[in-house]
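Raw upload_36.txt, compact mmCIF, C-alpha atoms:
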```txt
# COMPACT_ATOMS: atom_id res chain seq x y z
CA MET A 28 172.79 15.97 176.76
CA PHE A 29 175.10 12.92 176.94
CA VAL A 30 173.57 9.86 178.57
CA ALA A 31 175.90 7.00 179.54
CA LYS A 32 174.87 3.63 178.20
CA PRO A 33 174.14 0.94 180.82
CA TRP A 34 177.00 -1.26 179.65
CA LEU A 35 179.45 1.64 179.98
CA SER A 36 178.50 2.06 183.63
CA ARG A 37 179.02 -1.67 184.20
CA VAL A 38 182.49 -1.49 182.64
CA ALA A 39 183.38 1.47 184.82
CA ILE A 40 182.16 -0.26 187.98
CA LEU A 41 184.09 -3.45 187.25
CA LEU A 42 187.25 -1.53 186.36
CA ILE A 43 187.03 0.59 189.52
CA THR A 44 186.49 -2.51 191.65
CA ALA A 45 189.34 -4.37 189.97
CA ALA A 46 191.63 -1.36 190.39
CA GLY A 47 190.78 -1.18 194.08
CA LEU A 48 191.51 -4.87 194.57
CA ALA A 49 194.75 -4.61 192.61
CA THR A 50 195.88 -1.55 194.58
CA GLU A 51 195.21 -3.33 197.84
CA ALA A 52 197.08 -6.39 196.62
CA ARG A 53 200.01 -4.26 195.45
CA SER A 54 200.23 -2.51 198.84
CA GLN A 55 200.51 -5.91 200.47
CA PHE A 56 203.16 -7.03 198.00
CA ALA A 57 205.26 -3.95 198.75
CA ASN A 58 205.60 -5.01 202.38
CA GLU A 59 206.91 -8.47 201.55
CA THR A 60 210.53 -9.53 201.28
CA ARG A 61 211.63 -10.30 197.73
CA ASP A 62 215.02 -11.76 198.58
CA VAL A 63 213.69 -15.21 199.51
CA THR A 64 210.77 -16.80 197.68
CA ARG A 65 208.73 -19.91 198.43
CA ARG A 66 208.94 -21.41 194.95
CA GLY A 67 209.67 -25.11 194.82
CA THR A 68 208.84 -25.70 198.48
CA THR A 69 205.78 -27.93 198.01
CA ALA A 70 205.06 -31.39 196.66
CA ALA A 71 202.50 -32.23 193.96
CA GLU A 72 203.18 -29.05 192.00
CA PHE A 73 201.05 -30.44 189.17
CA LEU A 74 198.01 -29.47 191.25
CA SER A 75 198.87 -25.84 190.40
CA ILE A 76 198.59 -26.41 186.65
CA PRO A 77 195.42 -24.71 185.35
CA VAL A 78 192.66 -26.89 183.92
CA GLY A 79 190.48 -26.09 180.92
CA ALA A 80 191.09 -24.00 177.81
CA ARG A 81 188.30 -21.60 178.77
CA ALA A 82 189.96 -20.67 182.05
CA THR A 83 193.41 -20.52 180.48
CA GLY A 84 192.18 -18.21 177.73
CA MET A 85 190.81 -15.87 180.41
CA GLY A 86 194.15 -15.65 182.20
CA ASN A 87 192.94 -18.13 184.84
CA ALA A 88 190.53 -15.55 186.28
CA ILE A 89 187.61 -17.96 186.61
CA ALA A 90 186.85 -18.49 190.32
CA ALA A 91 183.56 -16.56 190.15
CA SER A 92 182.44 -17.66 186.66
CA VAL A 93 183.12 -21.39 186.36
CA ASP A 94 179.92 -23.42 185.87
CA ASP A 95 181.03 -26.59 184.09
CA ALA A 96 182.86 -29.82 184.87
CA THR A 97 186.17 -27.99 185.38
CA ALA A 98 184.66 -26.41 188.51
CA MET A 99 186.02 -29.40 190.44
CA TYR A 100 189.47 -27.83 189.99
CA TRP A 101 188.75 -24.10 190.21
CA ASN A 102 185.87 -23.76 192.63
CA PRO A 103 183.61 -26.73 193.48
CA ALA A 104 180.77 -24.31 194.26
CA GLY A 105 180.46 -23.84 190.50
CA LEU A 106 178.91 -27.33 190.35
CA GLY A 107 175.90 -25.95 192.19
CA ARG A 108 175.22 -23.61 189.27
CA MET A 109 174.79 -26.50 186.82
CA ASP A 110 171.38 -27.79 185.74
CA LYS A 111 172.56 -30.43 183.23
CA ALA A 112 174.96 -33.34 183.32
CA ALA A 113 178.34 -32.43 181.87
CA PHE A 114 181.58 -33.95 180.66
CA ALA A 115 184.93 -32.30 179.95
CA ALA A 116 188.26 -33.62 178.69
CA GLU A 117 191.48 -31.76 178.05
CA HIS A 118 194.89 -32.52 176.58
CA ALA A 119 197.93 -30.27 176.63
CA SER A 120 201.52 -30.80 175.61
CA TRP A 121 202.96 -29.25 178.73
CA LEU A 122 206.45 -27.87 179.24
CA ALA A 123 209.41 -29.91 177.96
CA GLY A 124 207.17 -32.42 176.18
CA ILE A 125 205.31 -33.53 179.31
CA ASN A 126 201.75 -34.74 178.70
CA PHE A 127 198.96 -33.21 180.79
CA ASN A 128 195.45 -34.67 180.70
CA TYR A 129 192.21 -33.97 182.58
CA ALA A 130 188.80 -35.61 182.40
CA ALA A 131 185.71 -34.94 184.50
CA VAL A 132 182.02 -35.77 184.63
CA ALA A 133 179.30 -34.06 186.70
CA LEU A 134 175.71 -35.13 187.38
CA PRO A 135 173.05 -32.87 188.97
CA THR A 136 170.62 -34.50 191.43
CA ARG A 137 168.09 -33.31 194.00
CA LEU A 138 170.84 -33.49 196.62
CA GLY A 139 173.21 -31.36 194.59
CA THR A 140 175.64 -31.92 191.75
CA PHE A 141 178.12 -34.77 192.14
CA GLY A 142 181.23 -35.13 190.06
CA MET A 143 184.42 -37.09 189.56
CA ALA A 144 187.65 -36.01 187.86
CA VAL A 145 191.07 -37.43 187.14
CA THR A 146 194.24 -35.45 186.41
CA SER A 147 197.45 -36.94 185.08
CA LEU A 148 200.89 -35.57 184.31
CA ARG A 149 203.41 -37.93 182.74
CA THR A 150 206.93 -37.52 181.35
CA PRO A 151 208.28 -39.42 178.35
CA ASP A 152 210.47 -42.45 179.03
CA MET A 153 214.06 -41.56 179.91
CA ARG A 154 217.23 -43.68 179.94
CA VAL A 155 218.70 -44.80 183.25
CA THR A 156 222.31 -43.65 183.48
CA THR A 157 224.96 -44.15 186.12
CA VAL A 158 228.52 -42.98 186.64
CA ALA A 159 229.75 -46.27 185.22
CA ALA A 160 227.18 -46.38 182.37
CA GLN A 161 226.84 -42.78 181.25
CA GLU A 162 225.33 -43.80 177.91
CA GLY A 163 222.60 -45.80 179.66
CA THR A 164 222.17 -49.12 181.40
CA GLY A 165 219.55 -50.37 178.95
CA GLU A 166 216.76 -49.58 181.43
CA SER A 167 214.28 -46.72 181.22
CA PHE A 168 212.11 -44.85 183.71
CA ASN A 169 209.51 -42.11 183.83
CA ALA A 170 207.81 -39.87 186.34
CA ALA A 171 204.08 -39.32 186.73
CA SER A 172 201.59 -37.51 188.94
CA TYR A 173 197.92 -38.38 189.38
CA ALA A 174 194.94 -36.94 191.23
CA LEU A 175 191.53 -38.58 191.60
CA ALA A 176 188.82 -36.16 192.76
CA ALA A 177 185.24 -36.54 193.98
CA SER A 178 183.17 -33.36 194.26
CA TRP A 179 179.80 -32.06 195.38
CA GLY A 180 178.20 -28.66 194.94
CA LYS A 181 174.76 -27.29 195.74
CA ALA A 182 172.84 -24.04 195.52
CA LEU A 183 171.82 -23.36 199.12
CA THR A 184 169.81 -20.28 198.09
CA ASP A 185 169.03 -18.58 194.80
CA ARG A 186 172.21 -16.51 195.25
CA PHE A 187 174.61 -18.67 197.27
CA THR A 188 176.26 -21.96 196.30
CA PHE A 189 178.73 -24.10 198.20
CA GLY A 190 180.93 -26.99 197.13
CA ALA A 191 183.71 -29.31 198.25
CA THR A 192 186.20 -31.66 196.58
CA GLY A 193 188.17 -34.54 198.09
CA LYS A 194 191.32 -35.69 196.29
CA LEU A 195 193.64 -38.66 196.37
CA VAL A 196 197.06 -37.53 195.14
CA ASN A 197 199.96 -39.72 194.04
CA GLU A 198 203.37 -38.93 192.59
CA ARG A 199 205.90 -41.50 191.50
CA ILE A 200 209.29 -41.75 189.85
CA TRP A 201 210.71 -45.16 188.86
CA HIS A 202 210.25 -47.43 191.93
CA SER A 203 209.38 -44.73 194.47
CA SER A 204 206.19 -42.81 195.15
CA ALA A 205 204.41 -40.41 197.51
CA SER A 206 200.69 -40.19 198.30
CA GLY A 207 198.40 -37.81 200.14
CA LEU A 208 194.83 -36.62 200.65
CA ALA A 209 193.57 -33.10 199.97
CA LEU A 210 190.37 -31.09 200.37
CA ASP A 211 189.00 -28.12 198.40
CA VAL A 212 186.10 -25.92 199.50
CA GLY A 213 184.49 -23.00 197.70
CA THR A 214 181.56 -20.61 197.51
CA VAL A 215 179.93 -18.40 194.89
CA PHE A 216 177.66 -15.49 195.80
CA VAL A 217 175.57 -13.66 193.19
CA THR A 218 175.34 -10.09 194.42
CA PRO A 219 172.17 -7.99 194.02
CA PHE A 220 174.19 -5.48 191.99
CA ARG A 221 173.65 -6.28 188.29
CA GLY A 222 174.27 -9.99 188.89
CA MET A 223 177.96 -9.57 189.68
CA ARG A 224 179.43 -12.74 191.20
CA LEU A 225 181.89 -13.14 194.05
CA GLY A 226 183.72 -16.45 194.27
CA ALA A 227 186.18 -17.80 196.82
CA SER A 228 187.93 -21.13 197.21
CA ILE A 229 190.70 -22.84 199.14
CA ALA A 230 192.39 -25.71 197.31
CA ASN A 231 194.77 -28.52 198.30
CA PHE A 232 194.40 -28.37 202.07
CA GLY A 233 195.78 -31.75 202.95
CA THR A 234 198.38 -34.09 204.32
CA LYS A 235 202.12 -33.82 203.82
CA MET A 236 203.72 -36.02 201.16
CA GLN A 237 206.87 -38.10 201.60
CA MET A 238 208.67 -40.11 198.94
CA VAL A 239 209.19 -43.80 199.80
CA GLY A 240 210.21 -46.84 197.76
CA ASP A 241 212.92 -49.25 196.67
CA ASP A 242 214.99 -46.50 195.05
CA LEU A 243 215.80 -45.20 198.54
CA LEU A 244 217.54 -48.45 199.49
CA VAL A 245 221.33 -47.99 199.48
CA VAL A 246 224.46 -49.88 200.51
CA SER A 247 226.21 -48.16 203.40
CA ASP A 248 229.38 -48.68 205.44
CA ILE A 249 228.41 -47.57 208.94
CA ASP A 250 232.05 -47.40 210.06
CA PRO A 251 234.16 -46.27 207.09
CA VAL A 252 237.16 -45.41 209.29
CA ASN A 253 237.86 -48.99 210.42
CA ARG A 254 238.43 -52.08 208.31
CA GLY A 255 237.07 -55.54 208.88
CA ASN A 256 233.45 -54.58 209.45
CA ASN A 257 230.56 -55.29 207.12
CA GLU A 258 230.79 -52.70 204.33
CA SER A 259 227.58 -53.81 202.61
CA ASN A 260 224.89 -52.88 205.11
CA ARG A 261 221.50 -52.17 203.56
CA ALA A 262 220.17 -48.77 204.54
CA LEU A 263 216.98 -46.85 203.76
CA LEU A 264 217.18 -43.13 203.04
CA ARG A 265 214.45 -41.04 204.65
CA THR A 266 213.17 -38.08 202.66
CA ASP A 267 211.59 -34.90 203.95
CA ARG A 268 207.83 -34.40 204.14
CA PHE A 269 206.40 -31.56 202.06
CA ASP A 270 203.10 -29.69 202.06
CA MET A 271 200.80 -29.64 199.06
CA PRO A 272 200.42 -26.38 197.08
CA LEU A 273 197.70 -24.67 199.15
CA ILE A 274 195.97 -21.94 197.10
CA MET A 275 193.38 -19.38 198.18
CA ARG A 276 191.40 -17.68 195.39
CA ILE A 277 189.06 -14.70 195.59
CA GLY A 278 187.37 -13.71 192.35
CA LEU A 279 184.95 -11.11 191.05
CA ALA A 280 183.16 -11.37 187.71
CA GLY A 281 180.27 -9.77 185.92
CA GLU A 282 178.73 -9.06 182.52
CA VAL A 283 179.38 -5.56 181.26
CA VAL A 284 177.42 -6.33 178.09
CA ASP A 285 174.66 -8.93 178.04
CA HIS A 286 172.48 -9.00 174.94
CA GLN A 287 171.19 -11.84 172.83
CA ALA A 288 173.75 -11.15 170.11
CA MET A 289 176.72 -10.28 172.33
CA ARG A 290 177.92 -10.86 175.88
CA MET A 291 181.10 -9.63 177.52
CA THR A 292 182.31 -10.89 180.90
CA LEU A 293 185.17 -9.31 182.83
CA ALA A 294 186.84 -11.12 185.72
CA VAL A 295 189.60 -10.57 188.26
CA ASP A 296 191.08 -13.14 190.67
CA ILE A 297 193.46 -12.56 193.56
CA LEU A 298 195.51 -15.62 194.55
CA SER A 299 197.52 -16.35 197.66
CA PRO A 300 199.52 -19.62 197.35
CA ASN A 301 201.77 -21.09 200.00
CA ASN A 302 204.59 -21.68 197.49
CA SER A 303 204.75 -18.18 196.02
CA ASN A 304 203.84 -14.57 196.68
CA GLN A 305 200.35 -13.23 195.99
CA PHE A 306 199.39 -12.22 192.47
CA VAL A 307 196.41 -11.15 190.35
CA ASN A 308 194.82 -12.68 187.24
CA LEU A 309 192.69 -10.66 184.81
CA GLY A 310 190.45 -12.06 182.10
CA ALA A 311 187.72 -11.27 179.59
CA GLU A 312 185.30 -13.42 177.59
CA LEU A 313 183.30 -12.25 174.60
CA GLY A 314 180.34 -14.35 173.47
CA LEU A 315 178.91 -13.68 170.02
CA LEU A 316 175.77 -14.93 168.27
CA GLY A 317 174.19 -16.19 171.46
CA ASP A 318 177.49 -17.63 172.75
CA LEU A 319 177.96 -19.66 169.58
CA LEU A 320 181.41 -18.09 169.08
CA MET A 321 183.66 -17.32 172.06
CA VAL A 322 186.74 -15.07 172.14
CA ARG A 323 188.90 -14.79 175.27
CA ALA A 324 191.97 -12.97 176.51
CA GLY A 325 193.70 -12.57 179.85
CA TYR A 326 196.89 -11.95 181.78
CA SER A 327 198.21 -14.10 184.62
CA GLU A 328 200.49 -13.45 187.59
CA LEU A 329 200.32 -9.67 187.68
CA PHE A 330 202.51 -8.08 190.40
CA LEU A 331 204.42 -11.34 190.87
CA GLN A 332 208.18 -10.94 190.72
CA ASP A 333 209.82 -13.49 188.40
CA SER A 334 206.41 -14.50 187.07
CA ILE A 335 206.28 -17.48 184.72
CA ARG A 336 202.92 -16.99 183.00
CA SER A 337 201.78 -13.84 181.22
CA LEU A 338 199.48 -13.23 178.24
CA ALA A 339 196.87 -15.80 177.25
CA MET A 340 194.23 -15.87 174.55
CA GLY A 341 191.83 -18.32 173.03
CA GLY A 342 188.40 -19.03 171.69
CA GLY A 343 185.80 -21.68 171.19
CA LEU A 344 182.65 -22.87 169.49
CA ARG A 345 179.44 -23.95 171.22
CA TYR A 346 176.41 -25.55 169.64
CA ASP A 347 173.29 -27.05 171.20
CA PHE A 348 171.63 -29.95 169.45
CA SER A 349 168.18 -31.20 170.46
CA SER A 350 169.35 -32.78 173.71
CA VAL A 351 173.15 -32.43 173.73
CA GLY A 352 175.34 -29.37 173.74
CA LEU A 353 178.95 -29.51 172.53
CA ALA A 354 181.82 -27.11 173.09
CA ILE A 355 185.35 -27.07 171.68
CA ASP A 356 187.79 -24.61 173.24
CA TYR A 357 191.39 -23.66 172.47
CA ALA A 358 193.82 -21.50 174.42
CA PHE A 359 197.43 -20.42 174.05
CA GLU A 360 199.43 -19.29 177.05
CA ARG A 361 202.85 -17.65 176.97
CA HIS A 362 205.57 -18.83 179.33
CA ARG A 363 208.69 -17.00 180.34
CA TYR A 364 211.28 -19.76 180.14
CA PHE A 365 209.66 -22.26 177.76
CA SER A 366 207.69 -22.25 174.55
CA GLY A 367 204.03 -21.32 174.83
CA VAL A 368 201.49 -23.99 175.73
CA SER A 369 198.48 -24.85 173.56
CA ARG A 370 195.46 -26.44 175.19
CA PHE A 371 192.39 -28.13 173.74
CA THR A 372 189.22 -28.91 175.71
CA LEU A 373 186.19 -30.86 174.57
CA ALA A 374 183.04 -30.48 176.67
CA ALA A 375 179.44 -31.64 176.48
CA HIS A 376 176.26 -31.18 178.50
CA PHE A 377 173.17 -33.36 178.25
```
Just dump the structure as structure tokens.
Amino acid sequence: MFVAKPWLSRVAILLITAAGLATEARSQFANETRDVTRRGTTAAEFLSIPVGARATGMGNAIAASVDDATAMYWNPAGLGRMDKAAFAAEHASWLAGINFNYAAVALPTRLGTFGMAVTSLRTPDMRVTTVAAQEGTGESFNAASYALAASWGKALTDRFTFGATGKLVNERIWHSSASGLALDVGTVFVTPFRGMRLGASIANFGTKMQMVGDDLLVVSDIDPVNRGNNESNRALLRTDRFDMPLIMRIGLAGEVVDHQAMRMTLAVDILSPNNSNQFVNLGAELGLLGDLLMVRAGYSELFLQDSIRSLAMGGGLRYDFSSVGLAIDYAFERHRYFSGVSRFTLAAHF
């Protein structure tokens, strides 16, 4: 008589659940218009760039599994699952040579886990050119985006955690800038069924952003038809106000294999952003030798027409010393229109 192994039943359950969620998502996608998309309709697009090589290696399907300092980006409720102080830093050479950096620290207390994080995106210096000086005026400029976040997360019960993040967002180019405030909230629920986790978060709910600055000052002739008037009036251009990239995530994750020598986690996230159509992320993480060696793979933006991201993979090493644990993670993510992106993350808990 054939007897199914416990881990096979867990795989089947997760796959059936993921297939059901994907089918439901696909049925919703089929009813949407594909002629007009919402891409490029929000400000502070850098807030949509994934954080952390672990998450990237899993295809960004991490909403229900994150439990480190990167939780301030993905789901602040993940902070409530931490029992040690943690630090994480990441560097990535983003698209077209743009530098992307992230650093975060989290500290558990009796009132919950508090954390702070900073995200920066900066372009290389570029020459200022005009119609009259097409080879450059001798000046240079750059563009940069920053976000400063403060987070809190707490386990309200042994199965339910809640968290929130407040962010100060700033974008600038040369002498002009735009600023705004944003709020993230999230939850993680550990189900009674084999420890499967359900995570949900809403990110970047905030104020509109409007570009202001000296670069919007222009010289204008208010009456170009008639001569004799002042042709050098100073005028200020007014730009439109744009929403931030609001993102809702719902994730499901669980261990299909969980032994001392090997652990395998499968995860699926469904995302609904305000600047794109809905899509699905799938990911897997394999931990070997007591999570000393990590291997990850995933696929992003399933069912999204004109998707930019696709296959991702990565790995990492983790080692616990007497009082400090260190982790080094790497991930590579393919992009449709640009070269793939490599990401490195260094993390520690103490």
Segment 141-152 of chain A surroundings by all atoms listed in the file, 6 Å radius, close-in-sequence under 6 positions cut, as a list in words: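 After dropping sequence-adjacent residues, the list is Ile125, Asn126, Phe127, Asn128, Tyr129, Ala130, Ala131, Val132, Ala133, Leu134, Phe168, Asn169, Ala170, Ala171, Ser172, Tyr173, Ala174, Leu175, Ala176, Ala177, Ser178 and Trp179 of chain A.
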Selection near Gly352 of chain A, 8 Å with all atoms listed in the file, sequence-local residues under 3 positions removed, as a list in words: Arg345, Tyr346, Asp347, Phe348, Ala375, His376 and Phe377 of chain A
For segment 83-87 of chain A: contacts at 8 Å, only C-alpha atoms, fewer than 5 positions along chain excluded, given as number ranges by chain: A: 77-78, 296, 308-312, 323-327, 337-342, 357-360
Writing out the chosen residues with C-alpha atoms as a short mmCIF file (atom, residue, chain, number, x, y, z; two decimals), keeping the file's coordinate frame:
```
data_model
loop_
_atom_site.label_atom_id
_atom_site.label_comp_id
_atom_site.auth_asym_id
_atom_site.auth_seq_id
_atom_site.Cartn_x
_atom_site.Cartn_y
_atom_site.Cartn_z
CA PRO A 77 195.42 -24.71 185.35
CA VAL A 78 192.66 -26.89 183.92
CA ASP A 296 191.08 -13.14 190.67
CA ASN A 308 194.82 -12.68 187.24
CA LEU A 309 192.69 -10.66 184.81
CA GLY A 310 190.45 -12.06 182.10
CA ALA A 311 187.72 -11.27 179.59
CA GLU A 312 185.30 -13.42 177.59
CA ARG A 323 188.90 -14.79 175.27
CA ALA A 324 191.97 -12.97 176.51
CA GLY A 325 193.70 -12.57 179.85
CA TYR A 326 196.89 -11.95 181.78
CA SER A 327 198.21 -14.10 184.62
CA SER A 337 201.78 -13.84 181.22
CA LEU A 338 199.48 -13.23 178.24
CA ALA A 339 196.87 -15.80 177.25
CA MET A 340 194.23 -15.87 174.55
CA GLY A 341 191.83 -18.32 173.03
CA GLY A 342 188.40 -19.03 171.69
CA TYR A 357 191.39 -23.66 172.47
CA ALA A 358 193.82 -21.50 174.42
CA PHE A 359 197.43 -20.42 174.05
CA GLU A 360 199.43 -19.29 177.05
#
```
For atom CA of Ser350 of chain A and atom CA of Thr184 of chain A, the interatomic separation in Å (one decimal):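 Going from atom CA of Ser350 of chain A over to atom CA of Thr184 of chain A covers 27.4 Å.
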Residue among A:Ile200, A:Arg265, A:Ile277, A:Leu183 lying closest to Val155 of chain A, counting only C-alpha atoms: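 For Val155 of chain A, the nearest of the given residues is A:Ile200.
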Polymer residues at most 10 Å from Pro300 of chain A, all atoms listed in the file, same-chain spacing of 5 or more positions, as a list in words: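 Residues near the query, excluding close chain neighbours: Arg65, Arg66, Ser75, Ile229, Ala230, Pro272, Leu273, Ile274, Met275, Arg276, Gln305 and Phe306 of chain A.
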Selected residue, from A:Thr188, A:Asn301, A:Gln287, A:Ser247, that lies nearest to Phe232 of chain A when counting only C-alpha atoms: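 Of A:Thr188, A:Asn301, A:Gln287, A:Ser247, the one nearest Phe232 of chain A is A:Asn301, counting only C-alpha atoms.
Across the model, the gap from atom CA of Pro135 of chain A to atom CA of Gly190 of chain A is 12.8 Å.
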Pick from A:Ala98, A:Ala262, A:Ala71, A:Ala104 nearest to Ile249 of chain A, counting all atoms listed in the file: A:Ala262
Shell around Ser204 of chain A at 9 Å using all atoms listed in the file, local window under 4 positions removed, as a list of chain:residue names: A:Asn197, A:Glu198, A:Arg199, A:Ile200, A:Gln237, A:Met238, A:Val239, A:Gly240
How about saving the chosen residues, C-alpha atoms kept, as an mmCIF file, in the frame of the given file?
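again-v3.cif, freshly written:
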```
data_model
loop_
_atom_site.group_PDB
_atom_site.id
_atom_site.type_symbol
_atom_site.label_atom_id
_atom_site.label_comp_id
_atom_site.auth_asym_id
_atom_site.auth_seq_id
_atom_site.Cartn_x
_atom_site.Cartn_y
_atom_site.Cartn_z
ATOM 1 C CA ASN A 197 199.960 -39.720 194.040
ATOM 2 C CA GLU A 198 203.370 -38.930 192.590
ATOM 3 C CA ARG A 199 205.900 -41.500 191.500
ATOM 4 C CA ILE A 200 209.290 -41.750 189.850
ATOM 5 C CA GLN A 237 206.870 -38.100 201.600
ATOM 6 C CA MET A 238 208.670 -40.110 198.940
ATOM 7 C CA VAL A 239 209.190 -43.800 199.800
ATOM 8 C CA GLY A 240 210.210 -46.840 197.760
#
```
Length of the atom CA of Ser206 of chain A to atom CA of Thr234 of chain A vector [Å]: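 Going from atom CA of Ser206 of chain A over to atom CA of Thr234 of chain A covers 8.9 Å.
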Which residue of A:Met236, A:Val93, A:Val196, A:Met99 approaches Thr292 of chain A most closely, using only C-alpha atoms: A:Val93
